[in-house]
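**Student:** Below you'll find the structure I mean.
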Amino acid sequence: MPAIPSPPAAEQIAAPKKDVPAFSPKDVGVIFVLGGPGAGKGTQCANLVREYGFKHLSAGDLLRAEQERPGSQFGNMIKEYIREGKIVPMEVTVQLLENAMGEAIRTEGKKRFLIDGFPRKMDQALKFEETVCPSQFTLFFDCPESVMQERLLNRGKTSGRADDNAESITKRFRTFIETSMPVVDFFEKQGKVVKIPAIKTPEEVFQDVETAMKTRGFQPQK
Ligand code: C5P
Ligand code: MG
């Protein structure tokens, strides 16, 4: 697996651009899944995997796994960013995703991906689409903060996550509004956002997801 490059230092010369993405959108399908923390992205991705056979890759899960990986040079940095609800330098996350996609293609023959919790910042969006694979569209789960906060505090009782506490949650909400919503707006302008209200029960939300998938030409496998 290719090593993850260090984030470039300011004075470093930029790496030469790859002129084609690693995976062609002719062979590989990418759907981004966005929404505030606690909007239900992971829950709905699990439903989509079961019914449609996607490969689910969560950027947050990949970062947490990298943080735990013995010998990772990024462990401490990732830990700090996650606790502060800040966006990890994109080189790390984009490389983790590219590696995980390559592996799923090689070992599982997967070609259709749900990339969950990504891109959370414009630089991630541009870098990924330029060097890894352009996206088909973005599923955006729209949920009020009060509902998300209640879900996260509940989840925090059992998740063991260092960022499911009131202080980190406030920071994550701020990052979402200031840094991640511009990504949704960017894709929206390209007509590439499918917005799903995410207040209702998981079952009800999934009914809307299925309707939306149908309008984009996706049918369940069974
Ligand atoms: O998506 P999830 O809530 O699991 O993400 C947890 C944390 O991982 C985020 O608050 C952020 O610190 C980091 N992250 C990131 N870039 C992403 C996804 C997650 O920096 N695209
Ligand atoms: Mg998640």
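Each chain in the structure tokens gets a letter, A, B and so on, in the order shown; residues start at 1 in every chain, and ligands are counted from 1 in the order they appear.
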Taking the chain letters and numbering used in this document, name the residues of stretch 47-127 of chain A that DSSP puts in strand (DSSP E or B), as a list in words.
**Tutor:**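 The strand (DSSP E or B) residues within stretch 47-127 of chain A come out as Lys55, His56, Leu57, Ser58, Arg112, Phe113, Leu114, Ile115, Asp116 and Phe118 of chain A.
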**Student:** Can those selected residues be exported to a file as a PDB file, in the first residue's frame so that it contains C-alpha atoms?
**Tutor:**
ATOM      1  CA  LYS A  55     -18.610  -0.373  -0.441  1.00  0.00           C
ATOM      2  CA  HIS A  56     -18.847   2.014   2.499  1.00  0.00           C
ATOM      3  CA  LEU A  57     -15.787   4.027   3.434  1.00  0.00           C
ATOM      4  CA  SER A  58     -16.069   6.451   6.350  1.00  0.00           C
ATOM      5  CA  ARG A 112     -19.265   1.519  -6.259  1.00  0.00           C
ATOM      6  CA  PHE A 113     -18.352   3.545  -3.216  1.00  0.00           C
ATOM      7  CA  LEU A 114     -20.150   5.543  -0.549  1.00  0.00           C
ATOM      8  CA  ILE A 115     -17.615   7.952   0.837  1.00  0.00           C
ATOM      9  CA  ASP A 116     -19.075   8.967   4.199  1.00  0.00           C
ATOM     10  CA  PHE A 118     -16.106  13.447   3.110  1.00  0.00           C
TER      11      PHE A 118
END
**Student:** At most 10 Å is the cut-off: for each residue in chain A with any atom that close to an atom of ligand 2, write down the nearest atom pair and the distance in Å rounded to one decimal, counting only C-alpha atoms and all ligand atoms, chain first then increasing number, as CSV.
**Tutor:**
residue,atom,partner,partner_atom_place_in_ligand_line,distance
A:Val33,CA,ligand 2,1 (Mg),9.8
A:Leu34,CA,ligand 2,1 (Mg),9.6
A:Gly35,CA,ligand 2,1 (Mg),9.6
A:Gly36,CA,ligand 2,1 (Mg),9.6
A:Pro37,CA,ligand 2,1 (Mg),7.3
A:Gly38,CA,ligand 2,1 (Mg),7.5
A:Ala39,CA,ligand 2,1 (Mg),8.8
A:Gly40,CA,ligand 2,1 (Mg),7.4
A:Lys41,CA,ligand 2,1 (Mg),5.9
A:Gly42,CA,ligand 2,1 (Mg),4.6
A:Thr43,CA,ligand 2,1 (Mg),8.0
A:Gln44,CA,ligand 2,1 (Mg),9.9
A:Cys45,CA,ligand 2,1 (Mg),9.1
A:Leu57,CA,ligand 2,1 (Mg),9.8
A:Ser58,CA,ligand 2,1 (Mg),6.4
A:Ala59,CA,ligand 2,1 (Mg),8.1
A:Gly60,CA,ligand 2,1 (Mg),6.4
A:Asp61,CA,ligand 2,1 (Mg),7.2
A:Asp116,CA,ligand 2,1 (Mg),6.9
A:Gly117,CA,ligand 2,1 (Mg),6.4
**Student:** Step one, run DSSP on the backbone; step two, keep only residues of stretch 181-218 of chain A assigned to helix (DSSP H, G or I); then write them as a count of residues only.
**Tutor:** 23
**Student:** When you look at A:Gly102 with a cut-off of 12 Å (counting only C-alpha atoms), what residues show up, excluding the ones that are within fewer than 3 positions of it in the same chain? I need them as a list of chain:residue names.
**Tutor:**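 Once the adjacent positions are removed, what remains is A:Met1, A:Pro2, A:Ala22, A:Phe23, A:Val28, A:Lys55, A:Leu57, A:Gln95, A:Leu96, A:Leu97, A:Glu98, A:Asn99, A:Ile105, A:Arg106, A:Thr107, A:Glu108, A:Gly109, A:Lys110, A:Lys111, A:Arg112, A:Phe113, A:Val132, A:Cys133.
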**Student:** Using N, CA and C atoms, can you export the residues from the last selection as a PDB file, in the first residue's frame?
**Tutor:**
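Saved the output as result-v8.pdb:
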ATOM      1  N   MET A   1       0.848  -1.192   0.000  1.00  0.00           N
ATOM      2  CA  MET A   1       0.000   0.000   0.000  1.00  0.00           C
ATOM      3  C   MET A   1       0.885   1.245   0.000  1.00  0.00           C
ATOM      4  N   PRO A   2       0.582   2.250  -0.835  1.00  0.00           N
ATOM      5  CA  PRO A   2       1.459   3.422  -0.843  1.00  0.00           C
ATOM      6  C   PRO A   2       1.439   4.132   0.509  1.00  0.00           C
ATOM      7  N   ALA A  22      -6.736   8.682 -10.179  1.00  0.00           N
ATOM      8  CA  ALA A  22      -6.302   7.285 -10.025  1.00  0.00           C
ATOM      9  C   ALA A  22      -7.347   6.310 -10.558  1.00  0.00           C
ATOM     10  N   PHE A  23      -8.633   6.624 -10.366  1.00  0.00           N
ATOM     11  CA  PHE A  23      -9.711   5.741 -10.824  1.00  0.00           C
ATOM     12  C   PHE A  23     -10.596   6.498 -11.806  1.00  0.00           C
ATOM     13  N   VAL A  28     -15.430   3.310 -11.952  1.00  0.00           N
ATOM     14  CA  VAL A  28     -15.634   3.389 -10.498  1.00  0.00           C
ATOM     15  C   VAL A  28     -16.650   4.490 -10.196  1.00  0.00           C
ATOM     16  N   LYS A  55     -19.696  -0.328  -1.424  1.00  0.00           N
ATOM     17  CA  LYS A  55     -18.610  -0.373  -0.441  1.00  0.00           C
ATOM     18  C   LYS A  55     -18.657   0.944   0.337  1.00  0.00           C
ATOM     19  N   LEU A  57     -17.033   3.564   2.826  1.00  0.00           N
ATOM     20  CA  LEU A  57     -15.787   4.027   3.434  1.00  0.00           C
ATOM     21  C   LEU A  57     -16.065   5.307   4.212  1.00  0.00           C
ATOM     22  N   GLN A  95      -5.313  10.332   0.956  1.00  0.00           N
ATOM     23  CA  GLN A  95      -4.483   9.143   0.714  1.00  0.00           C
ATOM     24  C   GLN A  95      -5.086   7.904   1.371  1.00  0.00           C
ATOM     25  N   LEU A  96      -5.631   8.063   2.583  1.00  0.00           N
ATOM     26  CA  LEU A  96      -6.282   6.922   3.250  1.00  0.00           C
ATOM     27  C   LEU A  96      -7.440   6.413   2.391  1.00  0.00           C
ATOM     28  N   LEU A  97      -8.208   7.328   1.838  1.00  0.00           N
ATOM     29  CA  LEU A  97      -9.347   6.922   1.001  1.00  0.00           C
ATOM     30  C   LEU A  97      -8.877   6.252  -0.280  1.00  0.00           C
ATOM     31  N   GLU A  98      -7.864   6.832  -0.916  1.00  0.00           N
ATOM     32  CA  GLU A  98      -7.367   6.229  -2.163  1.00  0.00           C
ATOM     33  C   GLU A  98      -6.860   4.812  -1.895  1.00  0.00           C
ATOM     34  N   ASN A  99      -6.129   4.652  -0.791  1.00  0.00           N
ATOM     35  CA  ASN A  99      -5.621   3.318  -0.432  1.00  0.00           C
ATOM     36  C   ASN A  99      -6.768   2.344  -0.200  1.00  0.00           C
ATOM     37  N   ILE A 105     -11.176  -2.538  -4.392  1.00  0.00           N
ATOM     38  CA  ILE A 105     -11.271  -2.910  -5.805  1.00  0.00           C
ATOM     39  C   ILE A 105     -10.486  -4.205  -6.046  1.00  0.00           C
ATOM     40  N   ARG A 106      -9.272  -4.259  -5.503  1.00  0.00           N
ATOM     41  CA  ARG A 106      -8.408  -5.434  -5.714  1.00  0.00           C
ATOM     42  C   ARG A 106      -8.928  -6.673  -5.014  1.00  0.00           C
ATOM     43  N   THR A 107      -9.308  -6.518  -3.735  1.00  0.00           N
ATOM     44  CA  THR A 107      -9.591  -7.727  -2.953  1.00  0.00           C
ATOM     45  C   THR A 107     -11.064  -8.121  -2.934  1.00  0.00           C
ATOM     46  N   GLU A 108     -11.964  -7.156  -3.147  1.00  0.00           N
ATOM     47  CA  GLU A 108     -13.399  -7.478  -3.070  1.00  0.00           C
ATOM     48  C   GLU A 108     -14.096  -7.263  -4.405  1.00  0.00           C
ATOM     49  N   GLY A 109     -13.378  -6.739  -5.376  1.00  0.00           N
ATOM     50  CA  GLY A 109     -13.992  -6.456  -6.671  1.00  0.00           C
ATOM     51  C   GLY A 109     -15.058  -5.367  -6.602  1.00  0.00           C
ATOM     52  N   LYS A 110     -15.001  -4.516  -5.571  1.00  0.00           N
ATOM     53  CA  LYS A 110     -15.996  -3.447  -5.411  1.00  0.00           C
ATOM     54  C   LYS A 110     -15.690  -2.298  -6.357  1.00  0.00           C
ATOM     55  N   LYS A 111     -16.742  -1.702  -6.900  1.00  0.00           N
ATOM     56  CA  LYS A 111     -16.535  -0.566  -7.808  1.00  0.00           C
ATOM     57  C   LYS A 111     -17.414   0.625  -7.499  1.00  0.00           C
ATOM     58  N   ARG A 112     -18.371   0.414  -6.585  1.00  0.00           N
ATOM     59  CA  ARG A 112     -19.265   1.519  -6.259  1.00  0.00           C
ATOM     60  C   ARG A 112     -19.096   1.880  -4.788  1.00  0.00           C
ATOM     61  N   PHE A 113     -18.759   3.120  -4.556  1.00  0.00           N
ATOM     62  CA  PHE A 113     -18.352   3.545  -3.216  1.00  0.00           C
ATOM     63  C   PHE A 113     -19.266   4.623  -2.640  1.00  0.00           C
ATOM     64  N   VAL A 132      -8.176  11.364  -7.330  1.00  0.00           N
ATOM     65  CA  VAL A 132      -8.680  10.018  -7.012  1.00  0.00           C
ATOM     66  C   VAL A 132      -9.822   9.633  -7.950  1.00  0.00           C
ATOM     67  N   CYS A 133     -10.935  10.337  -7.864  1.00  0.00           N
ATOM     68  CA  CYS A 133     -12.065  10.015  -8.741  1.00  0.00           C
ATOM     69  C   CYS A 133     -13.141  11.102  -8.627  1.00  0.00           C
TER      70      CYS A 133
END
